[in-house]
Structure formats: C-alpha cells, structure tokens
file entry.pdb (PDB, C-alpha atoms)
ATOM      1  CA  MET O 122      99.459  31.889   9.512
ATOM      2  CA  LYS O 123     102.309  34.131  10.642
ATOM      3  CA  ASN O 124     100.100  35.571  13.435
ATOM      4  CA  TYR O 125      99.390  32.071  14.775
ATOM      5  CA  ARG O 126     103.119  31.355  14.947
ATOM      6  CA  ILE O 127     103.758  34.568  16.887
ATOM      7  CA  ILE O 128     100.951  33.750  19.343
ATOM      8  CA  PHE O 129     102.245  30.186  19.738
ATOM      9  CA  VAL O 130     105.796  31.383  20.469
ATOM     10  CA  PHE O 131     104.493  33.967  22.975
ATOM     11  CA  VAL O 132     102.377  31.384  24.822
ATOM     12  CA  LEU O 133     105.271  28.895  24.814
ATOM     13  CA  PHE O 134     107.767  31.352  26.322
ATOM     14  CA  SER O 135     105.192  32.614  28.846
ATOM     15  CA  SER O 136     104.503  29.041  29.969
ATOM     16  CA  ILE O 137     108.215  28.290  30.333
ATOM     17  CA  ALA O 138     108.793  31.492  32.319
ATOM     18  CA  PHE O 139     105.883  30.758  34.671
ATOM     19  CA  ALA O 140     106.959  27.146  35.128
ATOM     20  CA  GLN O 141     110.361  28.370  36.318
ATOM     21  CA  THR O 142     108.945  30.699  38.963
ATOM     22  CA  LYS O 143     108.927  29.811  42.626
ATOM     23  CA  LYS O 144     105.301  29.509  43.734
ATOM     24  CA  SER O 145     103.882  29.491  47.270
ATOM     25  CA  PHE O 146     100.676  30.047  49.226
ATOM     26  CA  GLY O 147     100.199  31.969  52.429
ATOM     27  CA  LEU O 148      97.902  33.385  55.092
ATOM     28  CA  ARG O 149      97.941  36.935  56.480
ATOM     29  CA  LEU O 150      96.225  38.386  59.594
ATOM     30  CA  GLY O 151      96.366  41.889  60.994
ATOM     31  CA  VAL O 152      94.686  45.081  62.149
ATOM     32  CA  ASN O 153      93.317  48.109  60.300
ATOM     33  CA  TYR O 154      93.387  51.738  61.375
ATOM     34  CA  SER O 155      90.787  53.266  59.045
ATOM     35  CA  ASN O 156      88.659  56.323  58.452
ATOM     36  CA  ILE O 157      86.466  57.989  55.842
ATOM     37  CA  SER O 158      87.727  61.417  54.800
ATOM     38  CA  ASN O 159      85.689  64.603  55.262
ATOM     39  CA  THR O 160      83.129  63.127  57.619
ATOM     40  CA  GLY O 161      82.624  63.697  61.325
ATOM     41  CA  LEU O 162      84.207  60.335  62.113
ATOM     42  CA  ASP O 163      87.446  59.523  63.890
ATOM     43  CA  ALA O 164      89.635  56.569  62.924
ATOM     44  CA  ARG O 165      88.584  53.119  64.118
ATOM     45  CA  LEU O 166      90.350  49.808  64.620
ATOM     46  CA  GLY O 167      89.263  46.782  62.610
ATOM     47  CA  GLY O 168      90.676  43.512  61.385
ATOM     48  CA  ASN O 169      92.043  42.181  58.121
ATOM     49  CA  GLY O 170      92.922  38.756  56.845
ATOM     50  CA  ALA O 171      93.941  37.292  53.496
ATOM     51  CA  LEU O 172      94.793  34.186  51.557
ATOM     52  CA  PHE O 173      97.461  34.795  48.932
ATOM     53  CA  PHE O 174      99.414  33.102  46.168
ATOM     54  CA  GLU O 175     102.928  34.341  45.419
ATOM     55  CA  ALA O 176     104.751  33.801  42.142
ATOM     56  CA  ARG O 177     108.421  34.763  42.546
ATOM     57  CA  PHE O 178     109.772  35.525  39.075
ATOM     58  CA  SER O 179     113.250  36.612  40.145
ATOM     59  CA  ASP O 180     115.328  37.578  43.168
ATOM     60  CA  LYS O 181     113.906  41.089  42.890
ATOM     61  CA  TYR O 182     110.254  40.677  41.839
ATOM     62  CA  ALA O 183     107.172  38.696  42.877
ATOM     63  CA  LEU O 184     103.507  38.958  41.919
ATOM     64  CA  GLN O 185     100.995  38.199  44.686
ATOM     65  CA  PRO O 186      97.220  37.871  44.037
ATOM     66  CA  GLU O 187      95.199  38.080  47.266
ATOM     67  CA  LEU O 188      91.682  37.371  48.509
ATOM     68  CA  MET O 189      91.198  39.578  51.559
ATOM     69  CA  PHE O 190      88.691  40.542  54.257
ATOM     70  CA  SER O 191      89.010  44.106  55.540
ATOM     71  CA  SER O 192      86.866  45.771  58.219
ATOM     72  CA  GLN O 193      86.938  49.545  57.699
ATOM     73  CA  GLY O 194      84.893  52.642  58.519
ATOM     74  CA  GLY O 195      85.076  55.258  61.235
ATOM     75  CA  LYS O 196      84.312  55.943  64.882
ATOM     76  CA  ALA O 197      81.999  58.712  66.088
ATOM     77  CA  SER O 198      83.859  61.310  68.129
ATOM     78  CA  ASN O 199      80.792  62.413  70.096
ATOM     79  CA  ASN O 200      79.953  59.016  71.672
ATOM     80  CA  THR O 201      76.686  58.718  69.736
ATOM     81  CA  ASN O 202      75.424  55.554  68.051
ATOM     82  CA  GLU O 203      76.963  56.546  64.718
ATOM     83  CA  ASP O 204      80.145  54.497  64.688
ATOM     84  CA  LEU O 205      80.347  53.021  61.197
ATOM     85  CA  ARG O 206      81.754  49.653  60.054
ATOM     86  CA  ILE O 207      82.033  48.608  56.401
ATOM     87  CA  ASP O 208      83.237  45.043  55.831
ATOM     88  CA  TYR O 209      84.874  44.485  52.454
ATOM     89  CA  LEU O 210      85.787  41.333  50.566
ATOM     90  CA  SER O 211      88.683  42.356  48.331
ATOM     91  CA  VAL O 212      90.614  40.974  45.396
ATOM     92  CA  ALA O 213      94.062  42.557  45.287
ATOM     93  CA  LEU O 214      97.186  42.210  43.168
ATOM     94  CA  ALA O 215     100.396  43.065  45.029
ATOM     95  CA  ASN O 216     103.595  43.734  43.110
ATOM     96  CA  LYS O 217     106.551  43.051  45.419
ATOM     97  CA  LEU O 218     109.960  44.572  44.703
ATOM     98  CA  PHE O 219     112.774  43.169  46.833
ATOM     99  CA  ILE O 220     115.218  45.987  47.516
ATOM    100  CA  ILE O 221     118.269  43.757  47.932
ATOM    101  CA  PRO O 222     118.343  40.520  45.888
ATOM    102  CA  LYS O 223     117.877  37.421  48.047
ATOM    103  CA  ALA O 224     117.043  39.586  51.083
ATOM    104  CA  GLY O 225     113.637  39.875  52.708
ATOM    105  CA  LEU O 226     113.124  43.659  52.700
ATOM    106  CA  HIS O 227     110.579  44.600  50.047
ATOM    107  CA  LEU O 228     108.294  47.340  48.785
ATOM    108  CA  LEU O 229     104.821  46.493  47.536
ATOM    109  CA  ALA O 230     102.096  48.250  45.568
ATOM    110  CA  GLY O 231      99.016  47.401  43.568
ATOM    111  CA  PRO O 232      95.279  47.744  42.974
ATOM    112  CA  SER O 233      92.399  46.301  44.962
ATOM    113  CA  PHE O 234      88.723  45.808  44.107
ATOM    114  CA  ASP O 235      86.598  45.878  47.271
ATOM    115  CA  MET O 236      82.990  44.720  47.632
ATOM    116  CA  ASP O 237      80.870  45.343  50.718
ATOM    117  CA  PHE O 238      79.849  41.738  51.287
ATOM    118  CA  GLU O 239      76.995  42.264  53.766
ATOM    119  CA  ASN O 240      74.513  43.546  51.165
ATOM    120  CA  ASN O 241      75.589  47.156  51.647
ATOM    121  CA  PRO O 242      73.789  48.175  54.845
ATOM    122  CA  ILE O 243      75.426  50.679  57.134
ATOM    123  CA  ARG O 244      76.341  48.766  60.247
ATOM    124  CA  LEU O 245      76.276  51.013  63.276
ATOM    125  CA  ILE O 246      78.353  49.658  66.142
ATOM    126  CA  ASN O 247      75.815  50.633  68.808
ATOM    127  CA  GLY O 248      72.652  51.287  66.842
ATOM    128  CA  ASN O 249      70.565  50.517  63.767
ATOM    129  CA  SER O 250      70.027  52.210  60.421
ATOM    130  CA  ASP O 251      68.150  51.575  57.188
ATOM    131  CA  SER O 252      70.645  53.579  55.166
ATOM    132  CA  ASN O 253      72.959  52.097  52.556
ATOM    133  CA  VAL O 254      76.587  52.577  51.568
ATOM    134  CA  THR O 255      78.240  52.496  48.141
ATOM    135  CA  PRO O 256      78.519  48.747  47.417
ATOM    136  CA  PHE O 257      82.121  48.680  46.154
ATOM    137  CA  ASP O 258      85.383  50.565  46.097
ATOM    138  CA  LEU O 259      88.448  50.573  43.878
ATOM    139  CA  SER O 260      91.637  51.130  45.862
ATOM    140  CA  ILE O 261      95.360  51.422  45.422
ATOM    141  CA  PHE O 262      97.818  50.420  48.125
ATOM    142  CA  GLY O 263     101.494  50.631  48.881
ATOM    143  CA  GLY O 264     103.712  49.538  51.710
ATOM    144  CA  ILE O 265     106.835  47.922  53.018
ATOM    145  CA  GLY O 266     107.548  44.501  54.467
ATOM    146  CA  TYR O 267     110.181  42.054  55.586
ATOM    147  CA  GLU O 268     110.203  38.326  54.836
ATOM    148  CA  PHE O 269     112.227  36.006  57.035
ATOM    149  CA  PRO O 270     113.913  32.923  55.495
ATOM    150  CA  PHE O 271     111.557  30.548  57.350
ATOM    151  CA  GLY O 272     108.402  32.099  55.817
ATOM    152  CA  LEU O 273     107.275  34.682  58.382
ATOM    153  CA  ILE O 274     106.390  38.089  56.870
ATOM    154  CA  LEU O 275     105.775  41.440  58.568
ATOM    155  CA  GLU O 276     104.039  44.147  56.517
ATOM    156  CA  ALA O 277     102.674  47.679  56.802
ATOM    157  CA  ARG O 278     100.452  49.098  54.059
ATOM    158  CA  TYR O 279      98.364  52.156  53.299
ATOM    159  CA  LYS O 280      95.237  51.581  51.213
ATOM    160  CA  GLN O 281      93.482  54.552  49.578
ATOM    161  CA  GLY O 282      89.961  54.298  48.157
ATOM    162  CA  LEU O 283      89.329  55.953  44.792
ATOM    163  CA  ILE O 284      85.513  55.845  44.647
ATOM    164  CA  GLU O 285      83.435  58.241  46.725
ATOM    165  CA  ILE O 286      81.725  56.478  49.610
ATOM    166  CA  ASP O 287      78.132  57.702  49.481
ATOM    167  CA  LEU O 288      76.505  57.114  52.869
ATOM    168  CA  PHE O 289      72.900  57.711  51.880
ATOM    169  CA  ASP O 290      70.879  59.617  54.522
ATOM    170  CA  PHE O 291      73.574  59.071  57.132
ATOM    171  CA  ASP O 292      73.869  62.307  59.117
ATOM    172  CA  ILE O 293      77.633  62.311  59.670
ATOM    173  CA  PHE O 294      77.687  64.635  56.650
ATOM    174  CA  SER O 295      75.120  67.080  57.983
ATOM    175  CA  ASP O 296      77.127  68.827  60.693
ATOM    176  CA  SER O 297      77.890  72.522  60.999
ATOM    177  CA  THR O 298      81.407  72.354  59.564
ATOM    178  CA  ASN O 299      80.127  72.219  55.959
ATOM    179  CA  ARG O 300      82.163  69.203  54.933
ATOM    180  CA  ASN O 301      82.175  68.276  51.252
ATOM    181  CA  ARG O 302      80.235  65.089  50.467
ATOM    182  CA  ASP O 303      82.146  64.711  47.208
ATOM    183  CA  GLU O 304      85.374  63.970  49.057
ATOM    184  CA  ALA O 305      84.390  61.028  51.269
ATOM    185  CA  PHE O 306      86.934  58.286  50.576
ATOM    186  CA  ASN O 307      88.218  55.254  52.453
ATOM    187  CA  GLY O 308      91.718  55.503  53.894
ATOM    188  CA  THR O 309      93.218  52.561  55.787
ATOM    189  CA  PHE O 310      96.539  51.724  57.419
ATOM    190  CA  GLN O 311      97.025  47.949  57.557
ATOM    191  CA  TYR O 312      99.536  46.193  59.807
ATOM    192  CA  SER O 313      99.828  42.458  59.421
ATOM    193  CA  ILE O 314     101.789  39.299  60.022
ATOM    194  CA  ALA O 315     101.812  36.525  57.420
ATOM    195  CA  TYR O 316     103.199  33.085  56.871
ATOM    196  CA  LYS O 317     104.166  31.670  53.495
ATOM    197  CA  PHE O 318     104.025  27.887  53.066
TER
END

call {"tool": "encode", "arguments": {"input": "entry.pdb", "output": "structure tokens"}}
result
Amino acid sequence: MKNYRIIFVFVLFSSIAFAQTKKSFGLRLGVNYSNISNTGLDARLGGNGALFFEARFSDKYALQPELMFSSQGGKASNNTNEDLRIDYLSVALANKLFIIPKAGLHLLAGPSFDMDFENNPIRLINGNSDSNVTPFDLSIFGGIGYEFPFGLILEARYKQGLIEIDLFDFDIFSDSTNRNRDEAFNGTFQYSIAYKF
C-alpha cells in the first residue's frame, strides 16, 4: 500500500509541474552540410525541416521533442554518377539550456533516432544502383541558437551518427587509399531558422 502512495504522490507532483510549464509548437527549416566519414565522398548540401513541441520548465531549461526530415549523404569528388543522398525521418529530443535567464541565447544537445524512409535504397544523384544502405542511424547532436521575443529562432547544430553506415556493394569504399569500412559514419552541420507559435 505504501508503494501505491509513493507512486500516486510522484504522478501528482509530475502532473502539477508539467501543467505549470509554458508549452508551444513550432516549425523549423534549414540546410545541411553533410558527409560520410572515410569514404571517397565530399560534403554535399541538403535540406532539413522539423515540427517541434517545446515544454519550457524554467527560465533556464526547455525540453523539445522533434519530428524531422534530414537529407544527408555525400558528393563524389570525381564528377562520376556516385553522388549519394540518404533521406532520414528522425525523432529527436533536444535539451535547451538558456545561458542567461529570460534571454534568447541557448545551448542545445540530445539524441536522435534516424530512419531512412525511402526503403533504404542508395539514391545516386545522377545514376542508378541496386545497392542498399543501413536502414537507420542513432545520432547525438549539439549546437547553439538564439530565440527572439517574437518567436523567431536561429540555430546551428552538429549531428554525429553513431552507427556505421554500411553501403553494400557501393564502390566508394574500393579506392586505392585503403579507407576503413568500419569507420563510415554520418556527420552533418545543420543551419536553420524556426518559428515558435
């Protein structure tokens, strides 16, 4: 019986705390500058966009779940048909720490689960392939942003993949520089503008 009372009190205080938070929704759009490490690819430009929900618990801290689209990959440096695009649908959880209370400058960090939402084919920009790519990635990200009083937000992030991207039978790995297939990871700079309603 004592355990039920403890659980009840915990749920009650959690509900009160959440009810007192400032909640808002928003939309973010931006560009990616991405690459896959230890391949023969250069960085490529892509797009990103997200819907997010922000729960502001205090002047210094907010929690922001996000549903995001992110176009990543790499660009062939030798002008062949091997430019690579991987489109991810991501669920992310951003922790936002406001450096000065009631000011807009903030740091952010969190995890992201990314799924290649086009059934995992390698999409060559100028060609075709029957090869596949690892269907998901687990990433961590960090960045800095500024939120204006009227809801406009500017952000810059770096997102690092933690799961090896296995590009099955894709010959960007088979060049003469003896690159290590075990170290092929997503790395993406994201620059975006958002508006919070």

call {"tool": "closest_residue", "arguments": {"input": "entry.pdb", "among": "O:Ser260, O:Ser191, O:Asn307, O:Ser313", "to": "Ser158 of chain O", "atoms": "all atoms listed in the file"}}
result
O:Asn307

call {"tool": "closest_residue", "arguments": {"input": "entry.pdb", "among": "O:Thr255, O:Asn159, O:Ser198, O:Gln281", "to": "Met236 of chain O", "atoms": "only C-alpha atoms"}}
result
O:Thr255

call {"tool": "resolve_selection", "arguments": {"input": "entry.pdb", "expression": "the PyMOL selection byres ((chain O and resi 284) around 12)", "output": "list of chain:residue names"}}
result
O:Ile157, O:Ser158, O:Ser233, O:Phe234, O:Asp235, O:Met236, O:Val254, O:Thr255, O:Pro256, O:Phe257, O:Asp258, O:Leu259, O:Ser260, O:Ile261, O:Gln281, O:Gly282, O:Leu283, O:Glu285, O:Ile286, O:Asp287, O:Asp303, O:Glu304, O:Ala305, O:Phe306, O:Asn307, O:Gly308

call {"tool": "resolve_selection", "arguments": {"input": "entry.pdb", "expression": "the PyMOL selection byres ((chain O and resi 141-150) around 9)", "output": "ChimeraX atom specification"}}
result
/O:136-140,151-152,168-179,189,272,274,312-318

call {"tool": "closest_residue", "arguments": {"input": "entry.pdb", "among": "O:Thr160, O:Leu273, O:Ser211, O:Ile220", "to": "Glu187 of chain O", "atoms": "only C-alpha atoms"}}
result
O:Ser211

call {"tool": "atom_distance", "arguments": {"input": "entry.pdb", "atom1": "atom CA of Lys223 of chain O", "atom2": "atom CA of Pro270 of chain O"}}
result
9.6 Å

call {"tool": "atom_distance", "arguments": {"input": "entry.pdb", "atom1": "atom CA of Thr309 of chain O", "atom2": "atom CA of Leu226 of chain O"}}
result
22.0 Å

call {"tool": "resolve_selection", "arguments": {"input": "entry.pdb", "expression": "the PyMOL selection byres ((chain O and resi 264-269) around 8)", "output": "list in words"}}
result
Ala224, Gly225, Leu226, His227, Leu228, Leu229, Ala230, Phe262, Gly263, Pro270, Phe271, Gly272, Leu273, Ile274, Leu275, Glu276, Ala277, Arg278 and Tyr279 of chain O

call {"tool": "atom_distance", "arguments": {"input": "entry.pdb", "atom1": "atom CA of Pro186 of chain O", "atom2": "atom CA of Asn153 of chain O"}}
result
19.6 Å

call {"tool": "closest_residue", "arguments": {"input": "entry.pdb", "among": "O:Gln311, O:Gly195, O:Tyr154, O:Asp180", "to": "Pro222 of chain O", "atoms": "only C-alpha atoms"}}
result
O:Asp180

call {"tool": "closest_residue", "arguments": {"input": "entry.pdb", "among": "O:Asp237, O:Ile221, O:Ala183, O:Pro232", "to": "Tyr209 of chain O", "atoms": "only C-alpha atoms"}}
result
O:Asp237
